[in-house]
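File shown here: target14.cif, holding mmCIF, C-alpha atoms and all ligand atoms.
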data_query
#
loop_
_atom_site.label_atom_id
_atom_site.label_comp_id
_atom_site.auth_asym_id
_atom_site.auth_seq_id
_atom_site.Cartn_x
_atom_site.Cartn_y
_atom_site.Cartn_z
CA MET A 1 -28.07 -5.96 -129.11
CA ALA A 2 -29.67 -7.87 -126.23
CA LYS A 3 -27.10 -10.65 -126.57
CA VAL A 4 -24.20 -8.24 -126.41
CA ARG A 5 -25.59 -6.59 -123.30
CA LYS A 6 -26.07 -9.92 -121.58
CA THR A 7 -22.48 -10.94 -122.27
CA ARG A 8 -21.23 -7.68 -120.83
CA LEU A 9 -23.33 -8.03 -117.69
CA ILE A 10 -22.03 -11.52 -117.03
CA THR A 11 -18.43 -10.54 -117.53
CA LYS A 12 -18.85 -7.47 -115.31
CA GLU A 13 -20.21 -9.66 -112.50
CA LEU A 14 -17.39 -12.12 -112.84
CA TYR A 15 -14.85 -9.37 -113.05
CA ASP A 16 -16.14 -7.88 -109.79
CA ARG A 17 -16.04 -11.32 -108.18
CA ALA A 18 -12.41 -11.70 -109.18
CA GLU A 19 -11.66 -8.27 -107.76
CA GLN A 20 -13.19 -9.16 -104.41
CA GLU A 21 -11.70 -12.60 -104.08
CA ILE A 22 -8.14 -11.98 -105.10
CA TYR A 23 -5.60 -11.33 -102.40
CA PHE A 24 -5.38 -7.70 -101.43
CA LYS A 25 -2.89 -5.49 -99.65
CA THR A 26 -3.60 -3.79 -96.33
CA GLU A 27 -2.72 -0.20 -95.42
CA ASP A 28 0.72 -1.19 -94.17
CA GLY A 29 1.51 -2.98 -97.41
CA MET A 30 1.05 -6.49 -96.00
CA LEU A 31 -0.70 -9.26 -97.88
CA ALA A 32 -4.09 -10.20 -96.52
CA GLU A 33 -6.43 -13.03 -97.36
CA GLY A 34 -9.34 -12.97 -99.76
CA ASN A 35 -11.84 -15.80 -99.50
CA GLY A 36 -9.43 -18.29 -100.99
CA ASP A 37 -11.28 -19.21 -104.20
CA ILE A 38 -8.82 -17.35 -106.35
CA SER A 39 -5.15 -18.11 -106.39
CA LEU A 40 -2.68 -15.80 -104.71
CA LEU A 41 -1.02 -15.28 -108.04
CA SER A 42 -2.13 -12.20 -109.87
CA PRO A 43 -1.35 -11.47 -113.53
CA THR A 44 2.24 -10.97 -114.35
CA ILE A 45 2.66 -8.22 -116.93
CA SER A 46 2.37 -4.51 -116.90
CA SER A 47 3.57 -1.49 -118.83
CA THR A 48 7.25 -0.57 -118.77
CA ASP A 49 6.70 2.07 -116.09
CA VAL A 50 4.63 -0.24 -113.96
CA VAL A 51 7.17 -3.04 -114.25
CA ASN A 52 10.05 -0.78 -113.35
CA ASN A 53 8.22 0.81 -110.43
CA LEU A 54 7.36 -2.44 -108.71
CA PRO A 55 9.57 -3.32 -105.75
CA ARG A 56 12.46 -5.62 -106.55
CA LYS A 57 13.00 -6.78 -102.98
CA PRO A 58 10.93 -9.73 -101.75
CA PRO A 59 7.75 -8.73 -99.86
CA ALA A 60 8.47 -8.29 -96.16
CA ILE A 61 5.79 -10.32 -94.43
CA SER A 62 5.70 -11.86 -91.00
CA ASP A 63 6.24 -15.61 -90.55
CA GLU A 64 2.76 -15.77 -89.07
CA LEU A 65 1.15 -14.27 -92.16
CA ARG A 66 3.33 -16.37 -94.48
CA LYS A 67 1.96 -19.53 -92.84
CA LYS A 68 -1.59 -18.43 -93.70
CA LEU A 69 -0.95 -17.89 -97.41
CA PRO A 70 -2.18 -20.47 -99.95
CA ILE A 71 1.37 -21.48 -100.81
CA HIS A 72 3.07 -24.83 -100.33
CA GLY A 73 4.08 -26.05 -96.88
CA SER A 74 5.98 -29.20 -97.73
CA VAL A 75 8.04 -29.72 -100.86
CA PRO A 76 6.81 -32.59 -103.08
CA LYS A 77 9.08 -35.54 -103.88
CA ILE A 78 10.63 -35.39 -107.33
CA ARG A 79 13.33 -37.28 -109.20
CA CYS A 80 15.41 -36.29 -112.19
CA VAL A 81 15.03 -39.06 -114.78
CA SER A 82 17.53 -37.88 -117.38
CA ARG A 83 19.67 -34.97 -118.53
CA ALA A 84 21.14 -34.14 -121.92
CA ARG A 85 23.31 -31.43 -123.45
CA ILE A 86 21.44 -29.39 -126.06
CA PRO A 87 23.31 -27.01 -128.35
CA THR A 88 20.89 -24.19 -129.16
CA THR A 89 20.16 -21.98 -132.15
CA LYS A 90 20.52 -18.98 -129.80
CA GLY A 91 24.13 -19.64 -128.81
CA PRO A 92 24.53 -20.99 -125.28
CA GLU A 93 24.46 -24.73 -124.66
CA ILE A 94 21.81 -25.87 -122.24
CA PHE A 95 21.34 -29.02 -120.20
CA LEU A 96 17.76 -30.22 -120.32
CA HIS A 97 16.63 -32.09 -117.20
CA LEU A 98 13.43 -34.16 -117.15
CA TYR A 99 11.68 -34.80 -113.85
CA GLU A 100 9.06 -37.18 -112.47
CA ASN A 101 7.13 -36.36 -109.33
CA GLU A 102 4.57 -37.65 -106.83
CA LEU A 103 1.83 -35.09 -107.60
CA ASP A 104 1.10 -35.69 -111.27
CA SER A 105 2.25 -37.79 -114.23
CA LYS A 106 3.52 -34.86 -116.32
CA GLU A 107 7.12 -34.53 -117.47
CA HIS A 108 8.24 -31.25 -115.94
CA LEU A 109 11.57 -29.87 -117.11
CA ALA A 110 14.49 -27.76 -116.04
CA ILE A 111 16.41 -25.88 -118.73
CA VAL A 112 19.78 -25.54 -117.03
CA PHE A 113 22.53 -23.14 -118.08
CA GLY A 114 25.87 -24.46 -116.80
CA GLU A 115 27.31 -27.97 -117.03
CA ASP A 116 28.26 -27.84 -113.36
CA ILE A 117 24.76 -27.31 -111.95
CA ARG A 118 24.07 -30.85 -110.73
CA SER A 119 20.84 -32.58 -109.81
CA ARG A 120 21.11 -34.42 -106.51
CA THR A 121 18.66 -37.16 -107.56
CA LEU A 122 20.20 -37.68 -111.00
CA PHE A 123 23.79 -37.94 -109.79
CA GLU A 124 23.22 -40.05 -106.66
CA GLN A 125 24.44 -43.61 -107.05
CA ARG A 126 21.53 -45.96 -107.65
CA PRO A 127 21.38 -49.69 -106.89
CA LYS A 128 23.25 -51.67 -109.58
CA ASP A 129 24.37 -48.41 -111.19
CA THR A 130 27.07 -48.75 -113.84
CA GLN A 131 29.27 -46.06 -115.38
CA GLU A 132 27.55 -46.65 -118.69
CA GLU A 133 24.08 -46.24 -117.20
CA ARG A 134 25.21 -43.04 -115.52
CA MET A 135 26.43 -41.61 -118.81
CA VAL A 136 23.24 -42.62 -120.63
CA ARG A 137 21.00 -40.89 -118.10
CA GLY A 138 23.27 -37.83 -118.12
CA ALA A 139 24.96 -38.19 -114.70
CA TYR A 140 28.47 -37.44 -115.91
CA VAL A 141 31.04 -34.68 -115.40
CA GLY A 142 32.54 -32.72 -118.30
CA ARG A 143 31.65 -33.77 -121.82
CA LEU A 144 30.73 -37.05 -123.48
CA PHE A 145 32.81 -38.26 -126.43
CA PRO A 146 32.86 -41.48 -128.48
CA GLY A 147 34.48 -44.26 -126.48
CA ARG A 148 34.26 -42.59 -123.05
CA ILE A 149 34.13 -45.20 -120.24
CA TYR A 150 33.79 -43.35 -116.91
CA ALA A 151 30.90 -41.06 -116.05
CA ASP A 152 32.37 -39.86 -112.75
CA GLU A 153 35.75 -38.82 -114.17
CA ASP A 154 36.54 -36.52 -117.08
CA GLU A 155 40.10 -36.96 -118.42
CA GLU A 156 40.05 -33.78 -120.46
CA SER A 157 39.16 -31.39 -117.63
CA GLN A 158 40.74 -33.61 -114.93
CA LYS A 159 37.52 -33.42 -112.94
CA GLU A 160 36.26 -36.20 -110.71
CA LEU A 161 33.02 -36.53 -108.80
CA HIS A 162 33.02 -37.85 -105.24
CA PHE A 163 30.24 -39.51 -103.28
CA THR A 164 29.32 -40.16 -99.66
CA GLU A 165 29.14 -43.72 -98.32
CA LYS A 166 25.43 -43.65 -99.04
CA GLY A 167 26.08 -42.70 -102.65
CA GLN A 168 25.14 -39.02 -102.47
CA LEU A 169 27.09 -36.62 -104.67
CA ILE A 170 29.44 -34.44 -102.64
CA ARG A 171 29.06 -30.85 -103.80
CA GLU A 172 32.62 -29.60 -104.27
CA PRO A 173 33.45 -26.24 -105.88
CA GLU A 174 35.86 -27.96 -108.33
CA THR A 175 33.05 -29.89 -109.99
CA THR A 176 29.73 -28.44 -108.84
CA TYR A 177 28.34 -24.91 -109.10
CA MET A 178 28.11 -23.28 -105.67
CA GLY A 179 27.65 -19.65 -106.73
CA ASN A 180 24.24 -18.78 -105.35
CA PRO A 181 22.22 -16.76 -106.09
CA CYS A 182 21.73 -17.17 -109.82
CA PRO A 183 18.92 -16.03 -112.14
CA VAL A 184 15.87 -18.28 -112.39
CA ARG A 185 12.67 -18.10 -114.41
CA ILE A 186 9.65 -20.26 -113.65
CA HIS A 187 7.79 -20.70 -116.89
CA SER A 188 4.47 -22.43 -117.44
CA GLU A 189 4.00 -24.28 -120.71
CA CYS A 190 2.09 -22.40 -123.40
CA TYR A 191 1.66 -24.52 -126.51
CA THR A 192 -0.15 -21.77 -128.40
CA GLY A 193 2.39 -19.04 -127.63
CA GLU A 194 5.56 -21.13 -127.94
CA THR A 195 4.77 -23.54 -130.76
CA ALA A 196 1.71 -22.32 -132.68
CA TRP A 197 3.01 -18.72 -133.07
CA SER A 198 0.07 -17.28 -131.11
CA ALA A 199 0.00 -13.50 -130.73
CA ARG A 200 -2.67 -13.75 -128.03
CA CYS A 201 -0.03 -13.80 -125.30
CA ASP A 202 3.68 -13.13 -124.90
CA CYS A 203 4.76 -16.49 -123.39
CA GLY A 204 7.04 -17.36 -126.33
CA GLU A 205 8.73 -14.00 -126.10
CA GLN A 206 9.13 -14.29 -122.33
CA LEU A 207 10.72 -17.72 -122.66
CA ASP A 208 13.17 -16.40 -125.28
CA GLU A 209 13.97 -13.34 -123.19
CA ALA A 210 14.56 -15.39 -120.04
CA GLY A 211 16.92 -17.64 -122.01
CA ARG A 212 18.79 -14.61 -123.31
CA ILE A 213 19.18 -13.03 -119.86
CA ILE A 214 20.26 -16.25 -118.14
CA GLY A 215 22.47 -17.28 -121.06
CA GLU A 216 24.43 -14.05 -120.69
CA THR A 217 25.20 -14.76 -117.03
CA GLY A 218 26.35 -18.32 -117.79
CA HIS A 219 24.56 -19.97 -114.87
CA GLY A 220 20.89 -20.25 -114.10
CA CYS A 221 17.74 -22.19 -114.79
CA ILE A 222 14.33 -22.00 -116.42
CA VAL A 223 11.96 -24.37 -114.66
CA TYR A 224 9.45 -25.38 -117.33
CA LEU A 225 6.20 -26.56 -115.77
CA ARG A 226 3.61 -28.42 -117.83
CA GLN A 227 0.63 -26.38 -116.70
CA GLU A 228 -0.90 -25.11 -119.91
CA GLY A 229 -3.25 -22.13 -119.83
CA ARG A 230 -2.46 -21.09 -116.26
CA GLY A 231 -3.20 -24.67 -115.23
CA ILE A 232 -6.58 -25.22 -116.93
CA GLY A 233 -5.27 -27.34 -119.83
CA LEU A 234 -5.19 -26.71 -123.57
CA GLY A 235 -8.80 -27.75 -124.31
CA GLU A 236 -10.25 -25.34 -121.77
CA LYS A 237 -7.81 -22.65 -122.85
CA LEU A 238 -9.14 -22.82 -126.41
CA LYS A 239 -12.67 -22.36 -125.05
CA ALA A 240 -11.42 -19.36 -123.10
CA TYR A 241 -10.09 -17.88 -126.34
CA ASN A 242 -13.55 -18.17 -127.88
CA LEU A 243 -15.02 -16.38 -124.86
CA GLN A 244 -12.41 -13.68 -125.35
CA ASP A 245 -13.49 -13.30 -128.96
CA LEU A 246 -17.02 -12.91 -127.54
CA GLY A 247 -15.87 -9.97 -125.41
CA ALA A 248 -14.38 -11.34 -122.16
CA ASP A 249 -10.82 -10.60 -121.08
CA THR A 250 -8.30 -13.30 -120.13
CA ILE A 251 -9.28 -13.36 -116.46
CA GLN A 252 -13.02 -13.10 -117.01
CA ALA A 253 -12.93 -15.96 -119.53
CA ASN A 254 -11.33 -18.32 -117.02
CA LEU A 255 -13.91 -17.41 -114.39
CA MET A 256 -16.78 -17.97 -116.83
CA LEU A 257 -15.46 -21.50 -117.40
CA LYS A 258 -15.51 -21.93 -113.60
CA HIS A 259 -11.74 -22.01 -113.35
CA PRO A 260 -9.81 -19.77 -110.99
CA ALA A 261 -8.16 -16.81 -112.72
CA ASP A 262 -4.89 -18.60 -112.15
CA ALA A 263 -4.77 -22.32 -111.30
CA ARG A 264 -1.02 -22.68 -111.31
CA SER A 265 1.01 -24.21 -108.51
CA PHE A 266 4.72 -23.71 -107.99
CA SER A 267 5.73 -26.27 -105.34
CA LEU A 268 7.22 -28.51 -108.05
CA ALA A 269 9.42 -25.62 -109.16
CA THR A 270 10.65 -25.24 -105.59
CA ALA A 271 11.43 -28.96 -105.42
CA ILE A 272 13.31 -28.87 -108.74
CA LEU A 273 15.40 -25.85 -107.72
CA LEU A 274 16.35 -27.50 -104.43
CA ASP A 275 17.32 -30.67 -106.32
CA LEU A 276 19.64 -28.56 -108.49
CA GLY A 277 21.21 -26.93 -105.43
CA LEU A 278 19.76 -23.51 -106.34
CA SER A 279 18.39 -22.49 -102.96
CA GLU A 280 19.09 -18.77 -103.38
CA ILE A 281 17.86 -17.15 -106.57
CA ASP A 282 17.13 -13.93 -108.43
CA LEU A 283 13.64 -14.48 -109.87
CA LEU A 284 12.78 -13.21 -113.34
CA THR A 285 9.15 -12.12 -113.03
CA ASN A 286 6.85 -9.11 -113.01
CA ASN A 287 4.73 -10.62 -110.29
CA PRO A 288 5.97 -9.98 -106.73
CA ASP A 289 3.46 -12.53 -105.39
CA LYS A 290 5.26 -15.27 -107.34
CA ILE A 291 8.23 -14.75 -105.03
CA LEU A 292 6.14 -15.93 -102.07
CA ALA A 293 4.74 -18.85 -104.07
CA VAL A 294 8.24 -20.13 -104.86
CA GLU A 295 9.62 -19.57 -101.37
CA GLY A 296 6.71 -21.39 -99.70
CA LYS A 297 5.61 -21.25 -96.09
CA ASN A 298 9.02 -22.41 -94.84
CA GLN A 299 11.16 -20.37 -97.25
CA ASP A 300 12.74 -23.49 -98.72
CA ILE A 301 14.10 -21.18 -101.38
CA LYS A 302 15.26 -17.63 -100.73
CA VAL A 303 14.64 -15.01 -103.40
CA ARG A 304 17.25 -12.24 -103.17
CA GLN A 305 15.58 -9.98 -105.71
CA ARG A 306 13.12 -9.81 -108.56
CA ILE A 307 14.40 -9.14 -112.08
CA PRO A 308 11.70 -7.43 -114.21
CA MET A 309 10.66 -8.83 -117.60
CA VAL A 310 9.78 -5.87 -119.81
CA PRO A 311 7.65 -6.87 -122.83
CA LEU A 312 9.54 -6.13 -126.03
CA ALA A 313 6.38 -4.52 -127.46
CA TRP A 314 7.00 -1.66 -124.99
CA THR A 315 10.61 -1.21 -125.90
CA THR A 316 12.15 -0.15 -129.20
CA GLU A 317 12.99 -3.75 -130.06
CA GLY A 318 9.69 -4.72 -131.61
CA GLY A 319 7.90 -7.59 -129.89
CA ILE A 320 4.43 -8.98 -130.49
CA LYS A 321 1.94 -6.70 -132.18
CA SER A 322 -1.69 -7.82 -132.31
CA LYS A 323 -5.12 -6.60 -131.30
CA GLU A 324 -5.45 -9.59 -128.97
CA ILE A 325 -2.25 -8.99 -127.05
CA GLU A 326 -3.22 -5.42 -126.28
CA GLY A 327 -6.31 -6.74 -124.51
CA TYR A 328 -4.30 -9.46 -122.77
CA LEU A 329 -1.76 -7.01 -121.43
CA SER A 330 -4.29 -4.38 -120.42
CA ALA A 331 -6.27 -6.96 -118.42
CA LYS A 332 -3.08 -7.66 -116.52
CA ILE A 333 -2.27 -3.97 -116.09
CA GLU A 334 -5.65 -3.29 -114.46
CA HIS A 335 -4.91 -5.93 -111.84
CA MET A 336 -1.32 -4.85 -111.44
CA GLY A 337 -2.57 -1.34 -110.61
CA HIS A 338 -3.55 -2.61 -107.17
CA LEU A 339 0.02 -3.45 -106.40
CA LEU A 340 1.05 0.05 -107.39
CA GLU A 341 -1.46 1.79 -105.17
CA LYS A 342 -0.20 -0.03 -102.11
CA PRO A 343 3.10 -1.58 -103.10
CA LEU A 344 4.72 -4.37 -101.15
CA HIS A 345 8.05 -3.53 -99.56
ZN ZN B 1 0.80 -17.97 -123.47
#

How would this structure read if it were set down as structure tokens?
Amino acid sequence: MAKVRKTRLITKELYDRAEQEIYFKTEDGMLAEGNGDISLLSPTISSTDVVNNLPRKPPAISDELRKKLPIHGSVPKIRCVSRARIPTTKGPEIFLHLYENELDSKEHLAIVFGEDIRSRTLFEQRPKDTQEERMVRGAYVGRLFPGRIYADEDEESQKELHFTEKGQLIREPETTYMGNPCPVRIHSECYTGETAWSARCDCGEQLDEAGRIIGETGHGCIVYLRQEGRGIGLGEKLKAYNLQDLGADTIQANLMLKHPADARSFSLATAILLDLGLSEIDLLTNNPDKILAVEGKNQDIKVRQRIPMVPLAWTTEGGIKSKEIEGYLSAKIEHMGHLLEKPLH
């Protein structure tokens, strides 16, 4: 009995700490600072009613306040290494883009819907570039076929790419998607939920659902960031699961391991979206604060509206059913409740 009580006391303390340190909303619905130890980003899921009642417009905050938020100021340098067409089991074809960047050595990805969404850094002419090299790295227009010679011209669709004197791709409506805004999801890798069939979270379901929604519109992108376990890594995430089995919730467990409740960063997503020419987006998320994180201090990206992601478990379509996910979702709901009391407009 004593052991159980001790665990509860510790988690209660940590829970209270998280409550105090997380960003809060003032009377007029503006974001205000906590003490900065905990990320701006609060949990992302809530019940159907909660999700639908949250504002869909981006939070209206002053430029002055935006500059004070713990969100990116400058956009990191990134480069698209390669791109390939992937037919999918779900129906729509996607174009998978792999990126390198100056902040870490991870291979972040963009799952792009639409052949004509073009990466600036992939398509720009590189020193000693050949047509063959361009095709191999995926910098071609139209479709590849056996024996094709030119990357920049597609005989079948009669499309041709043009470049500036410096070798930059010229974005022309005939060959390159210009129809902003389009739907975008920023998804953080979850090995357990996407690959190991975990029912502790709904990441796999959210990825599928984002693909379905974007696939229906024909154009859009899922930025897939390699930040497992809200940024703490897979090893630490597995420890957090053991703490959860010992009685902590998802947020408390992270804090007990001395990680912030959410260690994710989204500046790389901003950089990738800009590279793809997607500077105005509709963001698929249940977390209004994520809008600010993607836009950054200088609003490099503009979010027109938020598209809610309703968990399938709360609809008639089934979804994940497990004891663990109920706890996971209710931990998020408790935090989301603060947004509802004083919603952002
Ligand atoms: Zn997950």

Checklist entry - What residues have any atom no more than 7 Å from ligand ZN 1 (chain B) when counting all atoms listed in the file, and can you list them as a PyMOL selection string? => result chain A and resi 190+192-193+201-204+229

Box in all listed atoms of range 136-145 of chain A, axis-aligned, with 4 Å more on each side; write out centre and edge lengths in Å to one decimal as AutoDock Vina command-line options.
--center_x 26.9 --center_y -37.7 --center_z -120.6 --size_x 19.8 --size_y 17.9 --size_z 19.7

Checklist outcome for this item: Separating CA of Ile111 in chain A from CA of Val223 in chain A, to the nearest tenth of an Å, is a gap of 6.2 Å

Item to check | From A:Thr121, A:Ser322, A:Thr250, A:Ser74, residue lying nearest His97 in chain A [only C-alpha atoms] | outcome: A:Thr121

Next on the checklist: Using Å and a single decimal, report how far CA of Val310 in chain A sits from CA of Met256 in chain A.
Outcome noted: 29.3 Å

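Of the residues listed (A:Leu109, A:Cys182, A:Ile320, A:Ala240), A:Leu109 shows the shortest atom-to-atom separation from Val81 in chain A; distances use all atoms listed in the file.
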